[in-house]
Every structure is written in C-alpha cells, then in structure tokens.
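protein_5.txt follows (compact mmCIF, C-alpha atoms and all ligand atoms):
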```
# COMPACT_ATOMS: atom_id res chain seq x y z
CA MET A 10 -83.33 54.73 -153.11
CA PRO A 11 -85.11 53.80 -156.34
CA ILE A 12 -85.31 50.12 -157.13
CA ASP A 13 -84.27 48.27 -160.26
CA ALA A 14 -87.50 46.86 -161.71
CA THR A 15 -85.62 44.17 -163.63
CA LEU A 16 -84.63 42.35 -160.42
CA PRO A 17 -86.64 39.32 -159.24
CA TYR A 18 -89.38 39.79 -156.65
CA ASP A 19 -88.11 40.00 -153.06
CA ASP A 20 -90.82 39.35 -150.49
CA SER A 21 -89.07 41.35 -147.77
CA ASN A 22 -90.45 44.59 -149.25
CA ILE A 23 -92.76 46.76 -147.12
CA PHE A 24 -95.92 46.08 -149.11
CA ALA A 25 -95.38 42.31 -148.97
CA ARG A 26 -95.13 42.72 -145.21
CA ILE A 27 -98.36 44.73 -145.15
CA LEU A 28 -100.05 41.98 -147.20
CA ARG A 29 -98.85 39.36 -144.70
CA GLY A 30 -100.20 41.45 -141.80
CA GLU A 31 -96.71 42.02 -140.37
CA LEU A 32 -97.03 45.82 -140.71
CA PRO A 33 -100.17 47.91 -140.17
CA SER A 34 -101.92 49.94 -142.85
CA LYS A 35 -105.02 52.09 -143.01
CA THR A 36 -107.05 49.83 -145.25
CA VAL A 37 -109.55 51.38 -147.64
CA TYR A 38 -110.56 48.29 -149.63
CA GLU A 39 -109.68 44.64 -149.97
CA ASP A 40 -110.78 41.82 -152.24
CA GLU A 41 -109.33 38.64 -153.72
CA PHE A 42 -106.96 40.51 -156.02
CA ALA A 43 -106.12 43.83 -154.41
CA LEU A 44 -105.51 45.76 -151.21
CA ALA A 45 -105.91 49.54 -151.00
CA PHE A 46 -104.62 51.68 -148.14
CA HIS A 47 -103.65 55.26 -147.37
CA ASP A 48 -100.13 56.36 -148.25
CA ILE A 49 -98.07 56.99 -145.12
CA ASN A 50 -96.75 60.28 -146.54
CA PRO A 51 -99.64 61.72 -148.57
CA GLN A 52 -98.78 64.00 -151.48
CA ALA A 53 -102.37 65.15 -152.05
CA PRO A 54 -105.36 65.59 -149.71
CA LEU A 55 -106.31 62.03 -150.65
CA HIS A 56 -103.46 59.64 -151.53
CA ILE A 57 -104.33 55.95 -151.71
CA LEU A 58 -102.11 53.08 -152.83
CA VAL A 59 -103.62 50.03 -154.51
CA ILE A 60 -101.51 46.88 -154.69
CA PRO A 61 -102.14 43.46 -156.20
CA LYS A 62 -102.13 40.53 -153.80
CA GLY A 63 -99.77 38.61 -156.08
CA ALA A 64 -96.00 38.97 -155.96
CA TYR A 65 -95.17 41.44 -158.76
CA VAL A 66 -92.31 43.94 -158.77
CA SER A 67 -93.89 46.53 -161.02
CA TRP A 68 -96.43 47.26 -163.73
CA ASP A 69 -93.95 45.75 -166.17
CA ASP A 70 -93.74 42.48 -164.24
CA PHE A 71 -97.51 42.34 -163.64
CA SER A 72 -98.45 43.04 -167.24
CA GLU A 73 -96.11 40.28 -168.39
CA ARG A 74 -96.70 37.56 -165.79
CA GLY A 75 -100.08 38.35 -164.20
CA SER A 76 -102.98 36.08 -165.09
CA ASP A 77 -105.94 37.52 -166.95
CA ALA A 78 -108.02 37.15 -163.77
CA GLU A 79 -105.42 38.97 -161.65
CA ILE A 80 -105.09 41.81 -164.15
CA ALA A 81 -108.84 42.22 -164.56
CA GLY A 82 -109.39 41.99 -160.81
CA PHE A 83 -106.69 44.54 -160.04
CA VAL A 84 -107.76 47.06 -162.68
CA ARG A 85 -111.37 46.80 -161.53
CA ALA A 86 -110.28 47.25 -157.90
CA VAL A 87 -108.40 50.47 -158.72
CA GLY A 88 -111.50 51.82 -160.45
CA LYS A 89 -113.78 50.76 -157.61
CA VAL A 90 -111.62 52.37 -154.92
CA ALA A 91 -111.74 55.69 -156.75
CA ARG A 92 -115.45 55.39 -157.55
CA ASP A 93 -116.35 54.47 -153.97
CA ALA A 94 -114.36 57.46 -152.72
CA GLY A 95 -116.50 59.73 -154.92
CA LEU A 96 -113.60 60.75 -157.12
CA VAL A 97 -115.04 60.35 -160.61
CA ALA A 98 -116.86 63.70 -160.70
CA PRO A 99 -114.08 65.85 -159.21
CA GLY A 100 -111.42 63.79 -160.96
CA TYR A 101 -108.28 62.06 -159.84
CA ARG A 102 -104.87 60.95 -161.03
CA LEU A 103 -103.39 57.46 -161.30
CA LEU A 104 -99.64 56.90 -161.25
CA ALA A 105 -97.47 53.80 -161.27
CA ASN A 106 -93.71 54.20 -161.04
CA VAL A 107 -91.57 51.56 -162.73
CA GLY A 108 -87.90 51.32 -161.87
CA LEU A 109 -84.97 53.66 -161.61
CA ASP A 110 -85.87 56.77 -163.62
CA SER A 111 -89.37 56.85 -162.15
CA HIS A 112 -87.97 56.68 -158.60
CA GLN A 113 -90.02 53.61 -157.68
CA GLU A 114 -89.08 52.95 -154.06
CA ILE A 115 -91.05 49.85 -153.07
CA ALA A 116 -90.49 46.72 -155.17
CA HIS A 117 -94.12 45.56 -155.16
CA LEU A 118 -96.44 47.02 -157.80
CA HIS A 119 -98.52 49.90 -156.47
CA VAL A 120 -100.83 52.31 -158.21
CA HIS A 121 -101.10 55.72 -156.58
CA ILE A 122 -104.50 57.46 -156.52
CA PHE A 123 -104.14 61.21 -155.97
CA ALA A 124 -107.20 63.39 -155.43
CA GLY A 125 -108.86 66.06 -153.35
CA GLN A 126 -107.69 69.22 -155.09
CA PRO A 127 -106.74 70.40 -158.59
CA LEU A 128 -103.55 68.44 -159.20
CA GLY A 129 -101.85 70.74 -161.66
CA PRO A 130 -99.59 69.69 -164.49
CA MET A 131 -98.77 66.00 -164.79
CA LEU A 132 -95.03 66.37 -164.19
CA ALA A 133 -92.89 69.03 -162.53
CA ARG A 134 -90.95 70.98 -165.17
P1 LIG B 201 -93.06 54.87 -155.15
O1 LIG B 201 -92.08 55.98 -155.09
O2 LIG B 201 -92.42 53.52 -154.94
O3 LIG B 201 -93.96 54.92 -156.34
O4 LIG B 201 -94.06 55.11 -153.91
C1 LIG B 201 -93.91 54.49 -152.66
C2 LIG B 201 -94.95 55.09 -151.75
O5 LIG B 201 -95.09 54.26 -150.62
C3 LIG B 201 -94.59 56.50 -151.23
O6 LIG B 201 -95.63 57.40 -151.59
C4 LIG B 201 -94.47 56.30 -149.72
O7 LIG B 201 -94.96 57.38 -148.99
C5 LIG B 201 -95.30 55.05 -149.49
N1 LIG B 201 -94.89 54.27 -148.34
C6 LIG B 201 -93.62 53.92 -148.00
N2 LIG B 201 -93.62 53.15 -146.90
C7 LIG B 201 -94.92 53.01 -146.53
C8 LIG B 201 -95.56 52.31 -145.46
O8 LIG B 201 -94.92 51.66 -144.62
N3 LIG B 201 -96.91 52.40 -145.41
C9 LIG B 201 -97.63 53.11 -146.32
N4 LIG B 201 -98.97 53.13 -146.15
N5 LIG B 201 -97.07 53.77 -147.35
C10 LIG B 201 -95.72 53.72 -147.45
```
Let's see the structure in the file written out as structure tokens.
Amino acid sequence: MPIDATLPYDDSNIFARILRGELPSKTVYEDEFALAFHDINPQAPLHILVIPKGAYVSWDDFSERGSDAEIAGFVRAVGKVARDAGLVAPGYRLLANVGLDSHQEIAHLHVHIFAGQPLGPMLAR
C-alpha cells in the first residue's frame, strides 16, 4: 500500500527498524548521515537503497526540515555509494518516490540506486 507523505513520521516503519538494528540488512555503506543497503527485492542487477539517519518521511519532508549538514551529508553519501560501486562510467539511475501517486511504500526517505544493465526509458508507458 502506498503511504501518504503528508502524515507525520512514524518510527515503526521498516527502515527505522533497520536503523535501530532490530531488522537485518545487507549494508553497503554507513556514515554519520546515511545508511546504504541492498534492496530485498532488487529490480535491477544492482539495487541499493540509501536512507538518511534522521527521521524523515520523504524527500519532501527532508528538503523542508533537514539541516544543511544532514542534506549535504546525505547527498554526498548517495554519490559516494554509487562512485564506490564503480557506477559512474557505466551509469546509474536515482529514484525517490514521494507519496501516493509515486507508490512510496516505506515512510522513511529512501533513494533507490539502480544499475548493472541498460535501464531503458525512465518510466513505463
Ligand atoms: P518504495 O516503493 O517505497 O520507493 O520502495 C521501497 C523499497 O523497499 C522496495 O524496493 C522494497 O523492495 C524495499 N524493501 C521493503 N522491505 C524491505 C526490507 O525489509 N529490507 C530491504 N532491504 N528492502 C526492503
């Protein structure tokens, strides 16, 4: 079920539980601002999720309430994860779903990194 990105943050979501160490994840990278791990149901040969450590529902929430340090740290972490995975030369796609029409399912901001093959058109038609 897609989530309503206008609702307040609820820390029972799956990614909050991963951040608290209550659920396992295949960690790729971690720093003060971000955690990156493999998607449980990959939709490309490489499918990594990068989440901020702070409690933000979506890109909308983060861009409005995140501190400058959190935003800079998170954006740099997304870039570093992709760079360290060797994805700049072959290319990759970033995606962040926000709310109902996007079909965002987990109410903690996550940026998808898709890579590992030509990814085709941006959206299904
Ligand atoms: P959304 O549709 O919210 O943008 O994407 C949610 C993503 O989280 C999906 O790609 C889904 O496969 C992934 N996901 C859902 N539950 C888990 C989980 O428990 N662990 C991991 N690693 N990924 C998950």
Which of these residues is nearest to Gly95 (chain A), using all atoms listed in the file: A:His112, A:Arg29, A:Gly82, A:Ala124?
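The closest residue to Gly95 (chain A) is A:Ala124.
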Report as an NGL selection string all protein, DNA and RNA residues lying within 12 Å of region 72-77 of chain A, evaluated on only C-alpha atoms, omitting residues in the same chain fewer than 2 positions from it.
:A and (18 or 42 or 61-70 or 79-84 or 107 or 118)
Interatomic distance (Å, one decimal) between CA of Ser21 (chain A) and CA of His119 (chain A)
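For CA of Ser21 (chain A) relative to CA of His119 (chain A), the distance reads 15.4 Å.
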Test item: residues no farther than 6 Å from ligand LIG 201 (chain B), counting all atoms listed in the file, as a PyMOL selection string:
chain A and resi 23+34+47-50+106+112-115
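Comparing A:Ile122, A:Val59, A:Val37, A:Pro99 by their smallest distance to Ala86 (chain A), the closest is A:Val59 (using only C-alpha atoms).
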With distances taken over all atoms listed in the file, the candidate from A:Leu103, A:Asp110, A:Ala116, A:Leu58 nearest Asp20 (chain A) is A:Ala116
Return the padded bounding box of region 106-114 of chain A as lines of an AutoDock Vina configuration file: axis-aligned, built from all atoms listed in the file, 5 Å added on each side, with centre and edge lengths in Å to one decimal.
```
center_x = -89.3
center_y = 54.1
center_z = -158.8
size_x = 18.7
size_y = 15.5
size_z = 19.6
```
Please rebuild region 12-30 of chain A with N, CA and C atoms and give the result as a short mmCIF file (atom, residue, chain, number, x, y, z; two decimals), keeping the file's coordinate frame.
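See out02.cif below for the written result:
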```
data_model
loop_
_atom_site.label_atom_id
_atom_site.label_comp_id
_atom_site.auth_asym_id
_atom_site.auth_seq_id
_atom_site.Cartn_x
_atom_site.Cartn_y
_atom_site.Cartn_z
N ILE A 12 -85.61 51.53 -156.93
CA ILE A 12 -85.31 50.12 -157.13
C ILE A 12 -85.18 49.81 -158.63
N ASP A 13 -84.45 48.75 -158.90
CA ASP A 13 -84.27 48.27 -160.26
C ASP A 13 -85.40 47.28 -160.56
N ALA A 14 -86.31 47.67 -161.45
CA ALA A 14 -87.50 46.86 -161.71
C ALA A 14 -87.22 45.61 -162.53
N THR A 15 -85.95 45.41 -162.92
CA THR A 15 -85.62 44.17 -163.63
C THR A 15 -85.22 43.05 -162.67
N LEU A 16 -85.04 43.38 -161.38
CA LEU A 16 -84.63 42.35 -160.42
C LEU A 16 -85.81 41.45 -160.06
N PRO A 17 -85.55 40.22 -159.63
CA PRO A 17 -86.64 39.32 -159.24
C PRO A 17 -87.36 39.84 -157.99
N TYR A 18 -88.58 39.38 -157.81
CA TYR A 18 -89.38 39.79 -156.65
C TYR A 18 -88.70 39.36 -155.35
N ASP A 19 -88.68 40.28 -154.38
CA ASP A 19 -88.11 40.00 -153.06
C ASP A 19 -89.21 40.24 -152.04
N ASP A 20 -89.63 39.19 -151.35
CA ASP A 20 -90.82 39.35 -150.49
C ASP A 20 -90.52 39.97 -149.13
N SER A 21 -89.33 40.58 -148.99
CA SER A 21 -89.07 41.35 -147.77
C SER A 21 -89.51 42.81 -147.92
N ASN A 22 -90.05 43.19 -149.07
CA ASN A 22 -90.45 44.59 -149.25
C ASN A 22 -91.63 44.96 -148.34
N ILE A 23 -91.78 46.27 -148.10
CA ILE A 23 -92.76 46.76 -147.12
C ILE A 23 -94.19 46.36 -147.48
N PHE A 24 -94.52 46.39 -148.76
CA PHE A 24 -95.92 46.08 -149.11
C PHE A 24 -96.21 44.59 -149.00
N ALA A 25 -95.20 43.74 -149.23
CA ALA A 25 -95.38 42.31 -148.97
C ALA A 25 -95.63 42.09 -147.49
N ARG A 26 -94.95 42.86 -146.66
CA ARG A 26 -95.13 42.72 -145.21
C ARG A 26 -96.50 43.22 -144.79
N ILE A 27 -96.99 44.27 -145.42
CA ILE A 27 -98.36 44.73 -145.15
C ILE A 27 -99.35 43.64 -145.56
N LEU A 28 -99.14 43.05 -146.73
CA LEU A 28 -100.05 41.98 -147.20
C LEU A 28 -100.06 40.79 -146.24
N ARG A 29 -98.92 40.49 -145.63
CA ARG A 29 -98.85 39.36 -144.70
C ARG A 29 -99.35 39.74 -143.31
N GLY A 30 -99.71 41.01 -143.10
CA GLY A 30 -100.20 41.45 -141.80
C GLY A 30 -99.09 41.70 -140.80
#
```
